[in-house]
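Peer 1: Okay, so here is data26.txt, and as you'll see once you scroll down, it has compact mmCIF, C-alpha atoms.
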```txt
# COMPACT_ATOMS: atom_id res chain seq x y z
CA MET A 12 96.10 33.88 -72.88
CA PRO A 13 99.79 34.93 -73.03
CA THR A 14 100.69 38.48 -72.16
CA SER A 15 101.46 40.51 -75.28
CA ARG A 16 104.69 42.44 -75.62
CA ARG A 17 102.72 45.69 -75.88
CA THR A 18 100.84 45.00 -72.61
CA LEU A 19 104.09 44.14 -70.85
CA LEU A 20 105.70 47.34 -72.01
CA LYS A 21 102.68 49.38 -70.87
CA THR A 22 102.74 47.73 -67.44
CA SER A 23 106.47 48.28 -67.08
CA ALA A 24 106.19 51.92 -68.11
CA ALA A 25 103.37 52.52 -65.62
CA ALA A 26 105.36 50.87 -62.84
CA ALA A 27 108.42 52.93 -63.70
CA ALA A 28 106.38 56.14 -63.73
CA ALA A 29 104.83 55.29 -60.38
CA PHE A 30 108.26 54.49 -58.95
CA THR A 31 109.66 57.76 -60.32
CA PHE A 32 106.74 59.73 -58.85
CA ASP A 33 107.12 58.06 -55.45
CA TRP A 34 110.89 58.56 -55.45
CA THR A 35 110.53 62.22 -56.45
CA ARG A 36 107.94 62.80 -53.74
CA ALA A 37 110.10 61.04 -51.15
CA GLN A 38 113.11 63.05 -52.27
CA ALA A 39 111.17 66.32 -51.95
CA GLN A 40 110.03 65.33 -48.48
CA ALA A 41 113.56 64.35 -47.49
CA GLU A 42 114.84 67.74 -48.58
CA THR A 43 112.26 69.66 -46.51
CA LEU A 44 112.80 70.01 -42.77
CA ARG A 45 109.64 70.71 -40.79
CA ILE A 46 110.08 72.89 -37.70
CA GLY A 47 107.37 73.78 -35.20
CA LEU A 48 106.90 77.47 -34.32
CA ILE A 49 105.03 78.01 -31.06
CA TYR A 50 104.09 81.56 -30.09
CA ASP A 51 101.16 83.41 -28.53
CA LEU A 52 99.43 84.77 -31.62
CA THR A 53 96.30 85.65 -29.64
CA GLY A 54 95.59 86.69 -26.04
CA PRO A 55 97.37 89.32 -23.92
CA PHE A 56 100.91 88.10 -24.68
CA ALA A 57 100.44 88.61 -28.43
CA ALA A 58 100.77 92.40 -28.16
CA GLY A 59 103.45 92.09 -25.49
CA GLY A 60 106.02 90.92 -28.01
CA SER A 61 105.06 87.38 -28.98
CA VAL A 62 103.73 88.26 -32.44
CA ALA A 63 106.83 90.39 -33.10
CA SER A 64 109.02 87.42 -32.14
CA SER A 65 107.10 85.10 -34.43
CA ILE A 66 107.51 87.52 -37.33
CA GLY A 67 111.26 87.74 -36.66
CA ALA A 68 111.51 83.93 -36.68
CA GLN A 69 109.60 83.70 -39.96
CA ILE A 70 111.84 86.34 -41.59
CA ALA A 71 114.88 84.21 -40.68
CA ILE A 72 113.23 81.13 -42.20
CA ASP A 73 112.30 83.04 -45.37
CA LEU A 74 115.86 84.32 -45.85
CA VAL A 75 117.36 80.85 -45.47
CA ASN A 76 114.80 79.32 -47.84
CA GLU A 77 115.51 81.99 -50.44
CA LYS A 78 119.11 80.78 -50.49
CA GLY A 79 118.08 77.17 -51.05
CA GLY A 80 117.51 76.16 -47.45
CA ILE A 81 119.86 74.69 -44.85
CA GLY A 82 123.20 74.07 -46.52
CA GLY A 83 121.58 75.17 -49.78
CA LYS A 84 119.70 71.85 -49.93
CA HIS A 85 117.05 71.49 -47.25
CA LYS A 86 114.10 73.91 -47.33
CA ILE A 87 112.38 74.67 -44.02
CA ALA A 88 108.63 74.29 -43.63
CA ALA A 89 107.32 76.08 -40.55
CA VAL A 90 104.37 74.46 -38.79
CA SER A 91 102.82 77.21 -36.66
CA ALA A 92 101.01 76.79 -33.36
CA ASP A 93 99.17 79.43 -31.33
CA SER A 94 99.59 78.94 -27.57
CA GLN A 95 96.89 81.63 -27.01
CA SER A 96 98.67 83.10 -23.95
CA LYS A 97 97.70 80.00 -21.94
CA PRO A 98 100.15 77.44 -20.48
CA ASP A 99 97.76 74.49 -20.95
CA VAL A 100 97.26 75.37 -24.61
CA ALA A 101 101.05 75.66 -25.05
CA ILE A 102 101.46 72.12 -23.67
CA ASN A 103 98.65 70.76 -25.88
CA GLU A 104 100.10 72.41 -28.97
CA ALA A 105 103.57 71.06 -28.22
CA ASN A 106 102.04 67.58 -27.88
CA ARG A 107 100.28 68.03 -31.21
CA LEU A 108 103.48 69.13 -32.95
CA ILE A 109 105.42 66.17 -31.56
CA ASP A 110 102.81 63.39 -31.65
CA GLN A 111 100.65 64.26 -34.66
CA GLU A 112 102.91 66.38 -36.83
CA LYS A 113 105.94 64.18 -35.99
CA ILE A 114 108.15 67.23 -35.48
CA ASP A 115 111.50 66.95 -33.69
CA ILE A 116 112.31 70.67 -33.34
CA ILE A 117 110.11 73.27 -31.64
CA ASN A 118 111.23 76.89 -31.96
CA GLY A 119 109.78 79.88 -30.12
CA VAL A 120 108.03 80.31 -26.74
CA TYR A 121 107.38 83.86 -25.58
CA ALA A 122 106.18 83.44 -22.01
CA SER A 123 108.31 82.01 -19.23
CA ALA A 124 105.12 80.59 -17.69
CA HIS A 125 104.95 78.38 -20.78
CA ALA A 126 108.68 77.76 -21.14
CA VAL A 127 109.09 76.10 -17.73
CA PRO A 128 106.57 73.27 -18.29
CA LEU A 129 107.36 73.01 -22.02
CA ALA A 130 111.07 72.52 -21.34
CA ALA A 131 110.31 69.62 -18.99
CA LYS A 132 107.84 68.11 -21.48
CA VAL A 133 110.10 68.31 -24.55
CA GLU A 134 113.16 67.17 -22.59
CA GLN A 135 111.26 64.09 -21.41
CA GLN A 136 110.48 63.16 -25.03
CA LYS A 137 114.05 63.87 -26.13
CA LYS A 138 112.97 66.38 -28.76
CA ILE A 139 114.59 69.80 -29.32
CA LEU A 140 113.14 72.96 -27.76
CA TRP A 141 114.91 76.06 -29.10
CA ILE A 142 113.74 78.99 -26.95
CA THR A 143 113.85 82.37 -28.66
CA THR A 144 112.19 84.74 -26.22
CA ALA A 145 111.20 83.53 -22.71
CA VAL A 146 113.79 84.65 -20.16
CA SER A 147 113.16 83.00 -16.77
CA THR A 148 116.35 81.57 -15.28
CA ALA A 149 114.13 78.91 -13.68
CA VAL A 150 113.73 77.24 -17.10
CA PHE A 151 117.32 75.95 -16.83
CA LYS A 152 118.49 76.44 -13.25
CA ASP A 153 119.67 73.09 -11.83
CA LYS A 154 117.57 71.12 -14.38
CA ASN A 155 120.55 69.70 -16.33
CA LEU A 156 118.58 69.90 -19.58
CA GLN A 157 120.11 68.11 -22.57
CA TYR A 158 117.70 68.93 -25.42
CA VAL A 159 116.60 72.47 -24.55
CA PHE A 160 118.69 75.45 -25.65
CA ARG A 161 118.41 79.22 -25.27
CA ALA A 162 120.75 81.76 -26.85
CA GLN A 163 118.51 84.49 -25.36
CA ILE A 164 119.44 86.21 -22.07
CA HIS A 165 118.09 84.93 -18.73
CA SER A 166 116.21 86.82 -16.04
CA ASP A 167 119.12 87.04 -13.58
CA GLN A 168 120.81 89.35 -16.07
CA TYR A 169 118.02 91.93 -15.76
CA GLY A 170 118.89 92.33 -12.07
CA GLN A 171 122.59 92.65 -12.86
CA ALA A 172 121.93 95.42 -15.40
CA PHE A 173 119.47 97.25 -13.11
CA ALA A 174 121.79 97.31 -10.09
CA SER A 175 124.88 98.10 -12.15
CA PHE A 176 123.22 101.09 -13.83
CA LEU A 177 122.05 102.55 -10.50
CA ASN A 178 125.36 101.90 -8.79
CA GLU A 179 127.20 103.59 -11.64
CA HIS A 180 124.98 106.69 -11.92
CA ALA A 181 123.44 107.34 -8.47
CA LYS A 182 126.12 109.74 -7.24
CA ALA A 183 126.76 111.59 -10.50
CA LYS A 184 123.15 111.87 -11.68
CA LEU A 185 121.06 111.89 -8.49
CA GLY A 186 123.61 113.28 -6.06
CA MET A 187 122.85 110.30 -3.82
CA GLU A 188 124.93 107.43 -2.49
CA PRO A 189 123.60 104.06 -3.74
CA LYS A 190 122.63 103.13 -0.16
CA ASP A 191 120.26 106.11 -0.05
CA VAL A 192 118.42 105.27 -3.30
CA LYS A 193 114.99 103.82 -2.42
CA VAL A 194 113.93 101.06 -4.81
CA ALA A 195 110.48 99.51 -5.38
CA LEU A 196 110.35 96.16 -7.17
CA ILE A 197 106.97 95.30 -8.67
CA HIS A 198 106.20 92.34 -10.91
CA GLU A 199 103.58 90.05 -12.38
CA ASP A 200 103.60 86.82 -10.40
CA GLY A 201 104.50 84.31 -13.13
CA PRO A 202 107.99 82.83 -13.65
CA TYR A 203 109.08 85.85 -15.73
CA GLY A 204 108.15 88.49 -13.15
CA VAL A 205 109.23 86.42 -10.15
CA GLY A 206 112.59 85.68 -11.78
CA VAL A 207 113.30 89.31 -12.67
CA ALA A 208 112.27 90.58 -9.22
CA ALA A 209 114.38 87.96 -7.43
CA ALA A 210 117.40 88.97 -9.50
CA ASP A 211 116.68 92.68 -8.90
CA GLU A 212 116.51 92.03 -5.17
CA ALA A 213 119.71 89.98 -5.02
CA TYR A 214 121.83 92.38 -7.08
CA ALA A 215 120.32 95.52 -5.53
CA LYS A 216 121.24 94.22 -2.06
CA GLU A 217 124.72 93.38 -3.31
CA ALA A 218 125.08 96.97 -4.58
CA GLY A 219 123.85 98.35 -1.24
CA LEU A 220 120.64 99.86 -2.65
CA GLN A 221 117.70 100.36 -0.30
CA ILE A 222 114.72 98.11 -1.20
CA VAL A 223 111.57 99.69 0.25
CA LEU A 224 108.97 97.50 -1.50
CA LYS A 225 108.83 94.16 -3.32
CA GLU A 226 105.35 93.21 -4.48
CA GLY A 227 103.86 90.76 -6.99
CA TYR A 228 100.40 90.78 -8.59
CA SER A 229 98.43 88.79 -11.16
CA ALA A 230 99.00 89.92 -14.76
CA SER A 231 95.22 89.77 -15.20
CA ALA A 232 94.47 91.88 -12.09
CA PRO A 233 91.58 94.32 -12.75
CA ASP A 234 92.87 96.97 -10.34
CA LEU A 235 96.39 97.97 -9.25
CA SER A 236 95.52 101.10 -7.27
CA VAL A 237 96.49 99.45 -3.96
CA LEU A 238 99.94 98.72 -5.41
CA VAL A 239 100.26 102.36 -6.49
CA THR A 240 99.36 103.49 -2.96
CA LYS A 241 102.02 101.20 -1.46
CA ILE A 242 104.69 102.67 -3.73
CA LYS A 243 103.63 106.21 -2.75
CA ARG A 244 103.84 105.36 0.95
CA ALA A 245 107.27 103.79 0.48
CA ARG A 246 108.49 107.01 -1.21
CA ALA A 247 110.42 105.04 -3.80
CA ASP A 248 112.93 106.94 -5.91
CA VAL A 249 113.20 104.24 -8.54
CA ILE A 250 110.74 101.57 -9.71
CA SER A 251 111.64 98.33 -11.47
CA HIS A 252 108.59 96.81 -13.15
CA ALA A 253 108.36 93.39 -14.80
CA GLY A 254 105.01 93.19 -16.57
CA TYR A 255 103.24 92.34 -19.80
CA ASN A 256 100.96 94.67 -21.75
CA PRO A 257 97.50 95.07 -20.16
CA ASP A 258 98.94 95.20 -16.62
CA ILE A 259 101.55 97.83 -17.55
CA THR A 260 98.84 99.95 -19.14
CA LEU A 261 96.67 99.61 -16.03
CA PHE A 262 99.54 100.42 -13.68
CA LEU A 263 100.70 103.53 -15.54
CA ARG A 264 97.15 104.85 -15.90
CA GLN A 265 96.40 104.40 -12.20
CA ALA A 266 99.83 105.77 -11.24
CA ARG A 267 99.06 108.99 -13.09
CA GLU A 268 95.52 109.20 -11.72
CA ASN A 269 96.84 108.82 -8.15
CA GLY A 270 99.73 111.28 -8.57
CA LEU A 271 102.58 108.76 -8.21
CA LYS A 272 105.97 110.46 -8.62
CA PHE A 273 109.41 108.91 -9.03
CA LYS A 274 112.88 109.65 -10.37
CA MET A 275 112.97 106.76 -12.86
CA LEU A 276 111.02 103.70 -13.97
CA PHE A 277 112.87 100.69 -15.36
CA GLY A 278 110.89 98.26 -17.48
CA ASN A 279 112.17 94.73 -18.04
CA GLY A 280 111.32 93.87 -21.61
CA ALA A 281 107.95 92.24 -22.39
CA GLY A 282 105.33 95.03 -22.53
CA TYR A 283 107.91 97.79 -22.01
CA SER A 284 109.58 96.78 -25.27
CA GLN A 285 106.34 97.36 -27.23
CA LEU A 286 106.80 101.11 -27.41
CA ASP A 287 104.32 101.61 -30.25
CA LYS A 288 101.55 100.15 -28.07
CA LEU A 289 102.52 102.20 -25.00
CA ARG A 290 102.99 105.36 -27.02
CA ALA A 291 99.55 104.97 -28.60
CA THR A 292 98.05 105.01 -25.08
CA PHE A 293 100.35 107.35 -23.13
CA GLY A 294 102.10 109.53 -25.70
CA ALA A 295 104.95 111.57 -24.20
CA ASP A 296 104.13 110.32 -20.66
CA ILE A 297 106.51 107.39 -21.17
CA ASP A 298 109.38 109.49 -22.54
CA ASN A 299 112.73 108.82 -20.84
CA PHE A 300 111.59 105.63 -19.11
CA CYS A 301 114.36 103.04 -19.17
CA ASN A 302 113.96 99.48 -20.39
CA ILE A 303 116.25 96.49 -19.85
CA ASP A 304 116.19 93.86 -22.59
CA PRO A 305 118.31 92.32 -25.32
CA VAL A 306 119.08 95.13 -27.70
CA PRO A 307 117.04 95.76 -30.87
CA ALA A 308 119.69 94.99 -33.48
CA GLN A 309 119.21 98.27 -35.34
CA LEU A 310 120.48 100.24 -32.33
CA LEU A 311 123.97 98.73 -32.46
CA ASP A 312 126.92 100.17 -34.35
CA PRO A 313 127.52 97.66 -37.18
CA ALA A 314 131.20 98.67 -37.28
CA LYS A 315 131.61 96.93 -33.90
CA LEU A 316 130.09 93.66 -35.17
CA ALA A 317 131.33 90.86 -37.42
CA PRO A 318 131.35 91.58 -41.18
CA GLY A 319 127.92 91.24 -42.77
CA ILE A 320 125.96 91.44 -39.52
CA GLY A 321 124.95 95.07 -40.11
CA ASP A 322 123.62 94.22 -43.59
CA LEU A 323 121.65 91.30 -42.16
CA THR A 324 120.06 93.64 -39.61
CA LYS A 325 119.02 96.06 -42.35
CA VAL A 326 117.24 93.27 -44.21
CA MET A 327 115.45 92.13 -41.04
CA VAL A 328 114.32 95.69 -40.23
CA ALA A 329 113.09 96.33 -43.78
CA ARG A 330 111.12 93.09 -43.89
CA TYR A 331 109.56 93.63 -40.47
CA LYS A 332 108.37 97.09 -41.47
CA GLU A 333 107.09 95.73 -44.77
CA LYS A 334 105.15 92.95 -43.04
CA THR A 335 103.68 95.10 -40.25
CA GLY A 336 103.70 98.73 -41.38
CA ALA A 337 105.34 99.57 -38.03
CA THR A 338 107.72 102.49 -37.57
CA ASP A 339 109.36 100.91 -34.48
CA VAL A 340 110.99 97.51 -34.77
CA PRO A 341 110.76 96.12 -31.22
CA PRO A 342 113.48 94.07 -29.49
CA HIS A 343 111.26 90.98 -29.77
CA CYS A 344 111.66 90.94 -33.55
CA SER A 345 115.44 90.77 -33.08
CA MET A 346 115.02 87.98 -30.50
CA GLY A 347 112.85 85.82 -32.75
CA PHE A 348 115.09 86.44 -35.74
CA ASN A 349 118.45 86.11 -34.00
CA GLN A 350 117.81 82.86 -32.16
CA THR A 351 116.15 81.27 -35.21
CA TRP A 352 119.02 82.42 -37.44
CA ILE A 353 121.54 80.79 -35.09
CA LEU A 354 119.58 77.51 -35.20
CA LEU A 355 119.31 77.51 -39.00
CA ASN A 356 122.84 78.67 -39.81
CA ASN A 357 125.10 77.59 -36.94
CA VAL A 358 123.45 74.41 -35.68
CA LEU A 359 121.44 72.53 -38.31
CA PRO A 360 124.12 72.50 -41.06
CA VAL A 361 126.62 71.06 -38.53
CA ALA A 362 124.05 68.49 -37.36
CA LYS A 363 123.64 67.28 -40.94
CA GLU A 364 127.25 67.41 -42.10
CA LYS A 365 129.09 66.37 -38.93
CA TYR A 366 126.54 64.24 -37.09
CA GLY A 367 124.60 62.75 -39.98
CA GLY A 368 121.10 64.22 -39.82
CA PHE A 369 118.45 66.44 -38.28
CA ASP A 370 117.48 64.06 -35.50
CA PRO A 371 117.47 65.45 -31.92
CA GLU A 372 120.72 63.73 -30.97
CA ALA A 373 122.59 65.22 -33.93
CA ILE A 374 121.13 68.67 -33.23
CA ARG A 375 122.02 68.42 -29.53
CA LYS A 376 125.65 67.64 -30.37
CA ALA A 377 125.81 70.41 -32.98
CA ALA A 378 124.39 72.96 -30.53
CA LEU A 379 127.11 72.14 -28.02
CA ASP A 380 129.69 72.80 -30.77
CA VAL A 381 128.48 76.39 -31.33
CA ASP A 382 131.17 78.94 -30.49
CA ILE A 383 130.23 82.42 -31.78
CA PRO A 384 132.44 85.22 -30.43
CA VAL A 385 131.08 88.49 -29.04
CA GLY A 386 129.95 90.66 -31.97
CA GLY A 387 129.00 87.64 -34.03
CA THR A 388 125.20 87.99 -33.84
CA ILE A 389 122.80 90.79 -34.73
CA GLN A 390 122.21 91.45 -31.01
CA GLY A 391 125.91 91.91 -30.34
CA TYR A 392 126.53 89.04 -27.97
CA GLY A 393 128.24 85.74 -28.74
CA VAL A 394 126.90 82.21 -28.28
CA LYS A 395 128.31 79.28 -26.36
CA PHE A 396 126.01 77.00 -24.40
CA TYR A 397 126.69 75.86 -20.86
CA ARG A 398 127.60 72.18 -20.89
CA PRO A 399 125.57 69.29 -19.42
CA GLY A 400 126.24 68.88 -15.72
CA THR A 401 126.51 72.64 -15.06
CA PRO A 402 123.83 74.69 -13.19
CA LEU A 403 122.52 76.39 -16.37
CA SER A 404 123.03 73.56 -18.86
CA GLY A 405 121.61 74.65 -22.25
CA GLN A 406 121.69 78.42 -21.54
CA ASN A 407 123.92 80.75 -23.57
CA GLU A 408 126.81 81.87 -21.36
CA ARG A 409 127.62 84.87 -23.61
CA SER A 410 124.22 86.61 -23.73
CA THR A 411 123.91 90.19 -22.45
CA PRO A 412 121.08 92.74 -22.09
CA VAL A 413 121.34 96.52 -22.35
CA VAL A 414 119.58 99.45 -20.69
CA MET A 415 117.68 101.52 -23.26
CA GLN A 416 115.97 104.89 -22.94
CA ASN A 417 113.24 106.24 -25.18
CA ALA A 418 112.20 109.77 -26.11
CA GLY A 419 109.53 110.12 -28.77
CA GLU A 420 110.49 107.99 -31.75
CA HIS A 421 114.11 107.76 -30.62
CA ILE A 422 115.54 104.86 -28.60
CA SER A 423 119.10 105.00 -27.22
CA VAL A 424 121.39 102.51 -25.53
CA VAL A 425 122.52 104.09 -22.25
CA TRP A 426 124.23 101.08 -20.60
CA PRO A 427 126.74 99.41 -20.66
CA THR A 428 128.71 102.62 -20.92
CA SER A 429 131.19 100.98 -23.31
CA ILE A 430 128.56 100.67 -26.07
CA ARG A 431 126.09 103.42 -25.14
CA THR A 432 124.83 105.73 -27.86
CA GLN A 433 123.68 108.46 -25.46
CA ASP A 434 124.34 109.70 -21.95
CA PRO A 435 121.30 108.73 -19.83
CA VAL A 436 118.67 111.30 -18.87
CA PHE A 437 118.46 110.56 -15.14
CA PRO A 438 116.39 111.52 -13.17
CA LEU A 439 113.25 112.09 -15.24
CA PRO A 440 113.09 115.69 -16.44
CA LYS A 441 110.71 118.06 -14.61
CA SER A 442 108.47 118.06 -17.70
CA SER A 443 107.50 114.43 -17.04
CA VAL A 444 104.08 113.89 -15.45
CA TYR A 445 105.72 111.32 -13.16
CA SER A 446 108.76 113.41 -12.19
CA ALA A 447 109.40 113.56 -8.45
```
Please go through the file and, once you have read it, give me the structure as structure tokens.
Peer 2:
Amino acid sequence: MPTSRRTLLKTSAAAAAAFTFDWTRAQAQAETLRIGLIYDLTGPFAAGGSVASSIGAQIAIDLVNEKGGIGGKHKIAAVSADSQSKPDVAINEANRLIDQEKIDIINGVYASAHAVPLAAKVEQQKKILWITTAVSTAVFKDKNLQYVFRAQIHSDQYGQAFASFLNEHAKAKLGMEPKDVKVALIHEDGPYGVGVAAADEAYAKEAGLQIVLKEGYSASAPDLSVLVTKIKRARADVISHAGYNPDITLFLRQARENGLKFKMLFGNGAGYSQLDKLRATFGADIDNFCNIDPVPAQLLDPAKLAPGIGDLTKVMVARYKEKTGATDVPPHCSMGFNQTWILLNNVLPVAKEKYGGFDPEAIRKAALDVDIPVGGTIQGYGVKFYRPGTPLSGQNERSTPVVMQNAGEHISVVWPTSIRTQDPVFPLPKSSVYSA
């Protein structure tokens, strides 16, 4: 029986509709870029800054999407993964994102203990790992990584800041020559703590400071009283501590119980940057402690930054407070936001327009083109990545930390002197329970 004209028209219309639907769906998919976000949303690292970093990253994604996406065309869909504060889970989640979710870009990573194996894993598969938070220099040192990038500072810079601050202020503030200042270096024994302590040791020796103790411990240790006793016996004037959240809490509690006294304690980011958590436990006990980390963007003078950066910081701060109800916006929010913002605004548009797509090779080339001058990011520093074939290939050569000091709800930048917002209180005032 011959096909009627009406049947033919119906069939053609159905085929056209199906084609239009498929084309529209394909077009929508093509205009959405899926990016993996891997952070510790549970476990001990969550409260140490990882959740704050993840919120900062999501705020950056939201702001870009609200303006139409990358280049105004390509919306970003974040595929989240919880590494649960465990390196093996971080590896498994990265595998899932790459193999099952077919994702080429992984953004995030809080813990250096995760970053070291993840960098090797993602590099091997020639996917992009864009590290926002983990600081260990060992992630990049002599690895010649091609597909892993970090605009964040690295752990060697904590040691530089620590030694420089003491060298600059020992005589004027303590009435002591640097060589007479007794320093205790204590740290959790993962890549983060080991890296910070090694840098502290190297730069302290270079500055002529007297190292009287260097001791590592497990971040999950149930008792740190022996460590406290060792510091007391060493009669340390200054302590540098690289730790997460539960171990810092344990150390400070046992230090007070055992009558440990010192002239100053320097934290090194991580748990020491989560002031709301520490303040909830210790109140005014932690006043005037110093902390070395990338600066929370809201502490910088926007007049010293590129136009528009100050306004961007205000939006980030407002959204973080809205999402969390927090009064303090920790440095980790700025880290997650800043590094993600750089990826979305300075790298991916160039990958698409100059190198033809969002594939890892195009992104790698675009990242190496990034050249942001000092003052061009919300954290004040610029961005230019060390080239392949150099000792820190993939690391930002323009990143810088600051030394901060807290008193109640107020946080000040006290070093470098050129951008400080307050003269440091050093040594601890006599009112401090830890004051020597």
Peer 1: Would you mind telling me which residue in A:Tyr255, A:Lys154, A:Asp211, A:Asp115 lies nearest to Ser96 in chain A when using all atoms listed in the file?
Peer 2: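 Closest residue, counting all atoms listed in the file: A:Tyr255.
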Peer 1: Ser404 in chain A: which residues within 8 Å, counting all atoms listed in the file, same-chain residues fewer than 5 positions away excluded, as a list in words?
Peer 2: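 Everything that qualifies: Phe151, Lys152, Asp153, Lys154, Asn155, Leu156, Gln157, Phe396, Tyr397, Arg398 and Pro399 of chain A.
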Peer 1: Produce a table with one row for each residue of range 214-279 of chain A that has an atom at most 12 Å from any atom of range 421-440 of chain A, each row naming the nearest atom pair and its distance in Å at one decimal; use all atoms listed in the file; arrange rows by chain and rising residue number; format as JSON lines.
Peer 2:
```
{"residue": "A:Asp248", "atom": "CA", "partner": "A:Pro438", "partner_atom": "CA", "distance": 9.3}
{"residue": "A:Val249", "atom": "CA", "partner": "A:Pro438", "partner_atom": "CA", "distance": 9.2}
{"residue": "A:Ile250", "atom": "CA", "partner": "A:Pro438", "partner_atom": "CA", "distance": 12.0}
{"residue": "A:Lys272", "atom": "CA", "partner": "A:Leu439", "partner_atom": "CA", "distance": 10.0}
{"residue": "A:Phe273", "atom": "CA", "partner": "A:Leu439", "partner_atom": "CA", "distance": 8.0}
{"residue": "A:Lys274", "atom": "CA", "partner": "A:Pro438", "partner_atom": "CA", "distance": 4.9}
{"residue": "A:Met275", "atom": "CA", "partner": "A:Leu439", "partner_atom": "CA", "distance": 5.8}
{"residue": "A:Leu276", "atom": "CA", "partner": "A:Leu439", "partner_atom": "CA", "distance": 8.8}
{"residue": "A:Phe277", "atom": "CA", "partner": "A:Phe437", "partner_atom": "CA", "distance": 11.3}
```
Peer 1: When you draw a straight line from CA of Asn302 in chain A to CA of Trp141 in chain A, how long is it in Å?
Peer 2: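 If I compute the distance from CA of Asn302 in chain A to CA of Trp141 in chain A, I get 25.0 Å.
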Peer 1: Which of these residues is nearest to Asp258 in chain A, using all atoms listed in the file: A:Ser65, A:Asn279, A:Ser231, A:Gln285?
Peer 2: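 With all atoms listed in the file as the atom set, the closest residue is A:Ser231.
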Peer 1: Report the centre and edge lengths, in Å to one decimal, of an axis-aligned box enclosing every atom of range 243-250 of chain A listed in the file, padded by 3 Å on each side, as lines of an AutoDock Vina configuration file.
Peer 2:
```
center_x = 108.4
center_y = 104.3
center_z = -4.4
size_x = 15.6
size_y = 11.4
size_z = 16.7
```
Peer 1: When distances are computed from only C-alpha atoms, which of A:Gly393, A:Gly204, A:Pro318, A:Pro341 shows the smallest separation from Glu408 in chain A?
Peer 2: A:Gly393
Peer 1: Mind giving me the straight-line distance from CA of Leu261 in chain A to CA of Leu235 in chain A in Å, one decimal?
Peer 2: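 Spanning CA of Leu261 in chain A to CA of Leu235 in chain A is a straight-line distance of 7.0 Å.
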Peer 1: Any idea what's packed within 12 Å of Ser94 in chain A, counting all atoms listed in the file, ignoring anything in its chain fewer than 3 positions away? Could you give it as an MDAnalysis selection string?
Peer 2: chainID A and resid 48:57 61:62 65 91 97:108 119:122 124:126 129
Peer 1: How far is it from CA of Gly79 in chain A to CA of Gly368 in chain A, in Å with one decimal?
Peer 2: 17.4 Å
Peer 1: Have a look at A:Ala362, A:Ala131, A:Ile389, A:Ile142 and name the one nearest to Val306 in chain A; count only C-alpha atoms.
Peer 2: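 The closest residue to Val306 in chain A is A:Ile389.
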